[in-house]
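Peer 1: Just one file: protein.cif, with mmCIF, C-alpha atoms.
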data_my_file
#
loop_
_atom_site.label_atom_id
_atom_site.label_comp_id
_atom_site.auth_asym_id
_atom_site.auth_seq_id
_atom_site.Cartn_x
_atom_site.Cartn_y
_atom_site.Cartn_z
CA MET A 1 42.36 5.05 0.53
CA SER A 2 39.05 3.37 -0.32
CA PHE A 3 35.61 4.96 -0.15
CA PHE A 4 34.85 3.21 3.13
CA ASP A 5 38.16 4.33 4.64
CA LYS A 6 37.25 7.91 3.79
CA LEU A 7 33.76 7.41 5.17
CA GLU A 8 35.19 6.11 8.44
CA LYS A 9 37.24 9.29 8.85
CA LEU A 10 34.34 11.57 7.85
CA ASP A 11 33.93 14.58 10.11
CA ARG A 12 30.81 13.93 12.22
CA ARG A 13 29.71 17.52 11.66
CA ILE A 14 29.08 16.66 8.02
CA ILE A 15 26.73 13.91 9.17
CA PHE A 16 24.90 16.40 11.40
CA VAL A 17 24.48 18.76 8.46
CA LEU A 18 23.15 15.95 6.28
CA VAL A 19 20.60 14.97 8.92
CA PHE A 20 19.54 18.60 9.27
CA LEU A 21 19.05 19.02 5.53
CA VAL A 22 17.16 15.75 5.11
CA VAL A 23 14.80 16.59 7.98
CA ALA A 24 14.37 20.29 7.10
CA TYR A 25 13.58 19.84 3.41
CA PRO A 26 10.21 18.04 3.78
CA LEU A 27 9.18 20.43 6.56
CA LEU A 28 9.57 23.32 4.10
CA TRP A 29 8.42 21.44 0.99
CA PRO A 30 6.25 18.47 2.04
CA LEU A 31 6.60 15.38 -0.13
CA LYS A 32 3.16 14.03 0.85
CA LEU A 33 4.41 10.48 1.10
CA PRO A 34 1.66 7.86 1.50
CA ILE A 35 0.70 7.03 5.10
CA PRO A 36 -0.52 3.45 5.53
CA ILE A 37 -3.16 2.94 8.22
CA SER A 38 -2.23 0.45 10.93
CA PRO A 39 -4.86 -1.95 12.36
CA MET A 40 -4.54 -0.28 15.78
CA SER A 41 -5.22 3.22 14.43
CA GLN A 42 -8.10 1.92 12.32
CA ALA A 43 -9.58 0.24 15.40
CA PHE A 44 -9.24 3.48 17.39
CA TYR A 45 -11.14 5.33 14.68
CA ASP A 46 -13.79 2.61 14.41
CA GLN A 47 -14.50 2.68 18.15
CA ALA A 48 -15.02 6.44 18.13
CA GLU A 49 -17.05 6.16 14.93
CA GLN A 50 -19.61 4.01 16.75
CA LEU A 51 -20.57 6.88 19.08
CA LYS A 52 -24.11 8.21 18.87
CA PRO A 53 -25.35 11.77 19.50
CA GLY A 54 -25.71 12.31 23.24
CA ASP A 55 -23.25 9.59 24.26
CA VAL A 56 -20.89 10.77 27.02
CA VAL A 57 -17.16 10.14 26.57
CA MET A 58 -14.45 10.43 29.21
CA ILE A 59 -11.13 11.69 27.80
CA SER A 60 -8.19 11.54 30.20
CA PHE A 61 -5.29 13.87 29.30
CA ASP A 62 -2.47 12.14 31.18
CA TYR A 63 0.73 13.54 29.68
CA SER A 64 3.26 16.28 30.30
CA ALA A 65 4.92 18.95 28.17
CA ALA A 66 7.62 16.45 27.17
CA SER A 67 5.02 14.46 25.21
CA LEU A 68 3.29 17.49 23.69
CA PRO A 69 4.65 17.08 20.10
CA GLU A 70 3.17 13.58 19.87
CA GLN A 71 0.09 13.77 22.05
CA PHE A 72 -1.33 17.21 21.46
CA PRO A 73 -2.06 16.37 17.78
CA GLN A 74 -3.68 13.16 19.06
CA SER A 75 -5.78 15.23 21.47
CA LYS A 76 -7.01 17.66 18.83
CA ALA A 77 -7.92 14.91 16.36
CA THR A 78 -9.72 12.94 19.07
CA LEU A 79 -11.77 15.93 20.24
CA THR A 80 -12.69 16.77 16.64
CA HIS A 81 -13.91 13.24 15.90
CA VAL A 82 -15.84 12.72 19.11
CA TYR A 83 -17.55 16.11 18.86
CA ALA A 84 -18.39 15.56 15.18
CA LYS A 85 -20.27 12.41 16.22
CA GLY A 86 -22.45 14.51 18.52
CA ALA A 87 -21.05 12.95 21.71
CA LYS A 88 -20.53 14.86 24.96
CA ILE A 89 -16.99 15.21 26.31
CA VAL A 90 -15.90 14.98 29.94
CA ALA A 91 -12.21 15.87 29.96
CA VAL A 92 -10.19 15.14 33.09
CA THR A 93 -6.57 14.52 34.00
CA PHE A 94 -4.63 12.72 36.69
CA TRP A 95 -1.40 14.54 35.76
CA VAL A 96 -0.74 17.99 37.16
CA ASP A 97 0.21 19.36 33.71
CA GLY A 98 -3.00 18.12 32.12
CA PRO A 99 -5.54 20.94 32.71
CA ILE A 100 -3.69 23.49 30.58
CA PHE A 101 -3.54 21.02 27.68
CA ILE A 102 -7.27 20.39 27.94
CA ASP A 103 -7.91 24.13 27.98
CA ARG A 104 -5.60 24.70 25.00
CA ALA A 105 -7.13 21.82 23.04
CA PHE A 106 -10.64 23.17 23.65
CA LYS A 107 -9.56 26.60 22.41
CA GLU A 108 -7.93 25.24 19.26
CA VAL A 109 -10.72 22.79 18.38
CA PHE A 110 -13.81 24.65 19.57
CA GLY A 111 -12.55 28.22 19.36
CA ALA A 112 -12.88 28.84 23.10
CA SER A 113 -12.94 26.91 26.36
CA GLN A 114 -14.84 28.28 29.37
CA GLY A 115 -16.22 31.18 27.34
CA HIS A 116 -17.73 28.95 24.66
CA SER A 117 -21.53 28.87 24.52
CA LYS A 118 -21.46 25.06 24.61
CA TYR A 119 -19.09 24.80 27.57
CA GLY A 120 -20.78 22.87 30.35
CA VAL A 121 -23.37 21.59 27.88
CA ASP A 122 -21.34 19.65 25.29
CA PHE A 123 -17.90 19.56 26.89
CA VAL A 124 -16.33 20.20 30.31
CA ASN A 125 -12.83 20.46 31.76
CA LEU A 126 -12.83 18.87 35.22
CA GLY A 127 -9.14 19.65 35.63
CA TYR A 128 -6.55 17.79 37.69
CA VAL A 129 -7.59 15.12 40.17
CA LEU A 130 -4.95 14.45 42.81
CA GLY A 131 -4.27 10.88 43.86
CA ALA A 132 -3.19 8.88 40.79
CA GLU A 133 -4.79 5.41 40.66
CA THR A 134 -6.69 5.95 43.91
CA ALA A 135 -8.22 9.08 42.40
CA MET A 136 -9.23 7.13 39.29
CA ALA A 137 -11.04 4.58 41.45
CA SER A 138 -12.82 7.35 43.37
CA PHE A 139 -13.69 9.20 40.15
CA GLY A 140 -15.21 6.07 38.68
CA LYS A 141 -17.33 5.46 41.76
CA ASP A 142 -18.57 9.02 42.46
CA ILE A 143 -17.57 11.96 40.25
CA TYR A 144 -19.30 14.60 42.40
CA ALA A 145 -17.51 13.48 45.56
CA THR A 146 -14.16 13.36 43.78
CA VAL A 147 -14.37 16.56 41.73
CA ALA A 148 -16.44 19.24 43.45
CA LYS A 149 -15.51 21.97 40.95
CA ASP A 150 -14.31 22.11 37.37
CA TYR A 151 -11.00 23.65 36.27
CA TYR A 152 -12.58 27.11 36.21
CA GLY A 153 -14.12 26.92 39.67
CA GLN A 154 -17.72 26.11 38.74
CA ALA A 155 -19.58 23.51 40.80
CA THR A 156 -19.49 20.19 38.96
CA ASP A 157 -23.09 19.31 39.72
CA ALA A 158 -24.21 22.72 38.37
CA LEU A 159 -22.89 22.02 34.88
CA PRO A 160 -25.76 20.88 32.60
CA LEU A 161 -23.67 18.08 31.08
CA MET A 162 -22.85 16.67 34.50
CA LYS A 163 -26.46 16.51 35.75
CA ASN A 164 -26.77 12.89 34.59
CA VAL A 165 -23.09 11.96 34.71
CA LYS A 166 -22.44 10.84 38.26
CA SER A 167 -20.09 7.88 37.86
CA ALA A 168 -18.15 5.88 35.28
CA LYS A 169 -21.33 3.90 34.56
CA ASP A 170 -22.57 6.91 32.62
CA PHE A 171 -19.70 6.87 30.11
CA LYS A 172 -20.12 5.19 26.74
CA LEU A 173 -16.38 5.21 25.97
CA VAL A 174 -13.13 6.01 27.79
CA ILE A 175 -10.23 7.50 25.84
CA ALA A 176 -6.84 7.46 27.58
CA LEU A 177 -4.30 9.92 26.18
CA SER A 178 -1.42 8.52 28.17
CA SER A 179 2.36 8.80 28.27
CA GLY A 180 3.16 7.11 31.58
CA THR A 181 1.89 6.42 35.08
CA PRO A 182 -0.89 6.95 35.99
CA GLY A 183 -2.30 6.24 32.57
CA TYR A 184 -4.01 3.60 30.50
CA ARG A 185 -3.01 0.65 32.74
CA GLU A 186 -4.58 2.24 35.81
CA LEU A 187 -7.69 3.22 33.84
CA LEU A 188 -7.97 -0.39 32.72
CA ARG A 189 -7.94 -1.53 36.34
CA GLN A 190 -10.17 1.16 37.82
CA ILE A 191 -12.57 2.15 35.02
CA GLN A 192 -12.62 -0.24 32.06
CA GLY A 193 -12.59 -3.48 34.05
CA PRO A 194 -14.96 -2.73 36.94
CA TYR A 195 -17.55 -0.93 34.78
CA SER A 196 -17.12 -2.89 31.51
CA ILE A 197 -16.65 0.26 29.44
CA PRO A 198 -14.77 0.16 26.11
CA LEU A 199 -11.38 1.88 26.32
CA ILE A 200 -9.11 3.16 23.54
CA ALA A 201 -5.77 4.87 24.00
CA GLY A 202 -3.42 7.37 22.43
CA VAL A 203 0.16 6.89 23.61
CA THR A 204 3.70 8.03 22.82
CA ALA A 205 5.79 5.92 20.46
CA VAL A 206 8.02 4.71 23.30
CA VAL A 207 4.95 3.34 25.13
CA GLY A 208 3.79 1.51 21.99
CA PRO A 209 5.54 -1.85 22.55
CA GLU A 210 4.16 -2.23 26.07
CA ILE A 211 0.56 -1.44 25.14
CA ARG A 212 0.28 -3.79 22.17
CA PRO A 213 -0.41 -6.95 24.23
CA TYR A 214 -3.62 -5.29 25.48
CA PHE A 215 -4.94 -4.84 21.93
CA PRO A 216 -7.64 -5.72 20.96
CA GLN A 217 -9.07 -7.53 24.01
CA GLN A 218 -8.68 -4.97 26.82
CA ILE A 219 -7.95 -1.90 24.68
CA GLY A 220 -10.13 -1.59 21.59
CA GLY A 221 -7.82 0.69 19.60
CA VAL A 222 -4.45 2.40 19.89
CA MET A 223 -3.10 5.60 18.39
CA GLU A 224 0.67 5.17 18.68
CA GLY A 225 2.93 8.22 18.67
CA LEU A 226 3.23 10.77 15.90
CA ALA A 227 2.67 8.10 13.24
CA GLY A 228 -0.59 7.02 14.86
CA ALA A 229 -1.79 10.62 15.03
CA ALA A 230 -0.95 11.13 11.34
CA GLU A 231 -2.88 7.97 10.43
CA TYR A 232 -5.86 9.16 12.48
CA GLU A 233 -5.75 12.52 10.70
CA MET A 234 -5.92 10.68 7.37
CA LEU A 235 -9.01 8.81 8.56
CA LEU A 236 -10.68 12.09 9.54
CA VAL A 237 -10.39 13.62 6.07
CA GLY A 238 -14.04 12.74 5.50
CA TYR A 239 -14.95 15.07 8.36
CA GLY A 240 -13.07 17.93 6.73
CA TYR A 241 -10.27 17.70 9.28
CA LYS A 242 -7.12 19.43 8.08
CA GLY A 243 -4.21 17.61 9.66
CA THR A 244 -0.81 19.08 10.35
CA LEU A 245 1.35 15.96 10.46
CA SER A 246 2.01 15.17 6.78
CA ALA A 247 5.22 17.23 6.66
CA PRO A 248 6.57 16.01 10.05
CA MET A 249 5.94 12.41 8.99
CA ASP A 250 7.84 13.03 5.73
CA ALA A 251 10.74 14.42 7.77
CA GLN A 252 10.67 11.47 10.15
CA SER A 253 10.60 8.96 7.29
CA LEU A 254 13.52 10.55 5.45
CA GLY A 255 15.48 10.86 8.69
CA HIS A 256 14.96 7.16 9.37
CA LEU A 257 16.07 6.26 5.84
CA LEU A 258 19.26 8.28 6.25
CA VAL A 259 20.05 6.54 9.54
CA VAL A 260 19.44 3.14 7.93
CA LEU A 261 21.78 4.11 5.07
CA PHE A 262 24.50 5.08 7.57
CA VAL A 263 24.08 1.77 9.41
CA ILE A 264 24.35 -0.24 6.16
CA LEU A 265 27.43 1.66 4.96
CA GLY A 266 29.05 1.33 8.37
CA ASN A 267 28.55 -2.43 8.48
CA VAL A 268 29.69 -2.98 4.89
CA GLY A 269 32.80 -0.94 5.58
CA PHE A 270 33.51 -2.92 8.75
CA VAL A 271 33.21 -6.26 6.94
CA MET A 272 35.45 -5.13 4.07
CA ARG A 273 38.14 -3.85 6.43
CA LYS A 274 38.01 -7.08 8.43
CA ASN A 275 38.43 -9.14 5.26
CA ARG A 276 41.46 -7.07 4.21
CA LYS A 277 43.12 -7.64 7.57
CA GLU A 278 42.54 -11.40 7.37
CA LYS A 279 44.17 -11.51 3.93
#
Take the structure from the file and write it as structure tokens.
Peer 2:
Amino acid sequence: MSFFDKLEKLDRRIIFVLVFLVVAYPLLWPLKLPIPISPMSQAFYDQAEQLKPGDVVMISFDYSAASLPEQFPQSKATLTHVYAKGAKIVAVTFWVDGPIFIDRAFKEVFGASQGHSKYGVDFVNLGYVLGAETAMASFGKDIYATVAKDYYGQATDALPLMKNVKSAKDFKLVIALSSGTPGYRELLRQIQGPYSIPLIAGVTAVVGPEIRPYFPQQIGGVMEGLAGAAEYEMLLVGYGYKGTLSAPMDAQSLGHLLVVLFVILGNVGFVMRKNRKEK
């Protein structure tokens, strides 16, 4: 029996164990493999880097718990960068899960959310806005009429930051953290297009192929999946940002290599067996 015959009859549980070991090792002992920066991630960073102190940025947290492993690191890195530039943050969501992720991100990045001394001055959580794309259109036209109170029950027009932020015209940049519908496409139609505001997006890896045609004309930069978040973290090193994705990216890379190896061996074995049968 040849090597490939033995491989064909290999107990699948051995393969599962191999995958587990290959993925677990770099999580415990990171290899710190190099992370190349894609043009889309670089463009995302460059757009945020252009912000000036006092600029107001809308960040839409439109994802659910299923996308948390990819998009929560994107959220934290984005908040860190925007705040480091001195910009003001208006966080909102058109997904029902979104408000708790905004609140959690504020706590992890700023140390507190509603109880922070700068809450309402430098950043606000306007919570969930019901109505999907219709709500986005209404929000862009008149924020006060669309969102009477923030996530914590305070009147929107009583928040110092919101005194001069009445519509989408007052935003310098829109950042869509999006994993589905409503998401970046609807924000393009209802906010970016009508008000000519630059828009950048952080999306899940599975959304990546469908968003690429919009870059760079309609969407100025894209952070794509876990890899995009890791690249963004690398770009934020100059701000003292300590990323958490080096080890997961090592695990993902080694896991992909193992799968590629299995595919190659499987195809070579198939061809050799076919040739033997023909002879």
Peer 1: Dump as a ChimeraX atom specification all residues having an atom at most 12 Å from (-1.2, 5.8, 31.8), computed in the file's coordinates with all atoms listed in the file.
Peer 2: /A:60-64,93-95,132-133,136,175-190,200-204,207-208,210-211
Peer 1: Between CA of Ile59 in chain A and CA of Ser246 in chain A, what distance in Å does the model show, to one decimal?
Peer 2: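 Taking CA of Ile59 in chain A and CA of Ser246 in chain A, their separation equals 25.0 Å.
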Peer 1: Would you compute the distance between CA of Pro99 in chain A and CA of Tyr119 in chain A? Give it in Å to one decimal.
Peer 2: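 So the two atoms, CA of Pro99 in chain A and CA of Tyr119 in chain A, lie 15.0 Å apart.
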Peer 1: So, counting all atoms listed in the file, which residue among A:Gln42, A:Ser253, A:Asn125, A:Thr146 is closest to Lys88 in chain A?
Peer 2: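 Closest residue, counting all atoms listed in the file: A:Asn125.
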Peer 1: Mind checking which residues fall within 12 Å of Pro69 in chain A, counting only C-alpha atoms, ignoring those fewer than 5 positions away in the same chain, and posting them as a list in words?
Peer 2: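 Answer for this query is Tyr63, Ser64, Gln74, Ser75, Lys76, Phe101, Ser179, Val203, Thr204, Ala205, Gly225, Leu226, Ala227, Ala229, Ala230, Thr244, Leu245 and Pro248 of chain A.
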Peer 1: Could you tell me which residues the PyMOL selection byres ((chain A and resi 126) around 10) returns for this structure, as a VMD selection string?
Peer 2: chain A and resid 90 to 93 99 102 123 to 125 127 to 129 143 147 to 156
Peer 1: Expanded to explicit residues, what is the PyMOL selection byres ((chain A and resi 221) around 12) for this file, as a count of residues only?
Peer 2: 40
Peer 1: List the neighbours of Gly243 in chain A out to 9 Å using only C-alpha atoms; skip same-chain residues closer than 4 positions along the sequence, and give me the result as a ChimeraX atom specification.
Peer 2: /A:73,77,230,233-234,236-237
Peer 1: Write out, as a PDB file, keeping the file's coordinate frame, the residues just selected, with C-alpha atoms.
Peer 2:
ATOM      1  CA  PRO A  73      -2.060  16.370  17.780  1.00  0.00           C
ATOM      2  CA  ALA A  77      -7.920  14.910  16.360  1.00  0.00           C
ATOM      3  CA  ALA A 230      -0.950  11.130  11.340  1.00  0.00           C
ATOM      4  CA  GLU A 233      -5.750  12.520  10.700  1.00  0.00           C
ATOM      5  CA  MET A 234      -5.920  10.680   7.370  1.00  0.00           C
ATOM      6  CA  LEU A 236     -10.680  12.090   9.540  1.00  0.00           C
ATOM      7  CA  VAL A 237     -10.390  13.620   6.070  1.00  0.00           C
TER       8      VAL A 237
END
Peer 1: If I take CA of Ala135 in chain A and CA of Lys85 in chain A, how far is one from the other in Å, to one decimal?
Peer 2: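 Spanning CA of Ala135 in chain A to CA of Lys85 in chain A is a straight-line distance of 29.0 Å.
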Peer 1: A:Ala247, A:Val268, A:Leu257, A:Ile100: which is nearest Trp29 in chain A, counting all atoms listed in the file?
Peer 2: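 Using all atoms listed in the file, Trp29 in chain A sits closest to A:Ala247.
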Peer 1: Please write the residues picked by the PyMOL selection byres ((chain A and resi 162) around 9) on this file as a PyMOL selection string.
Peer 2: chain A and resi 90+120-121+124+144+156-161+163-166
Peer 1: Can you work out which one of A:Ala105, A:Leu51, A:Ala145, A:Leu21 has the shortest atom-to-atom distance to Gly86 in chain A, counting all atoms listed in the file?
Peer 2: A:Leu51
Peer 1: Starting from the point (-21.3, -2.5, 38.7), work out which residues of protein, DNA or RNA have an atom no more than 10 Å away when counting only C-alpha atoms; state them as a list in words.
Peer 2: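 Those within range, by chain then number, are Lys141, Ala168, Lys169, Gly193, Pro194, Tyr195 and Ser196 of chain A.
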Peer 1: Ranking A:Ile191, A:Leu79, A:Leu28, A:Val263 by minimum distance to Glu8 in chain A and counting only C-alpha atoms, which one comes first?
Peer 2: A:Val263
Peer 1: Would you compute an axis-aligned box for range 20-24 of chain A, covering every atom listed for it in the file with 4 Å of margin on each side, and report centre and edge lengths in Å to one decimal as AutoDock Vina command-line options?
Peer 2:
--center_x 17.0 --center_y 18.0 --center_z 7.2 --size_x 13.2 --size_y 12.5 --size_z 12.2
Peer 1: Given all atoms listed in the file as the basis, pick out the residue of A:Leu7, A:Leu31, A:Ala137, A:Val19 nearest to Val259 in chain A.
Peer 2: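 Selected residue with least distance to Val259 in chain A: A:Val19.
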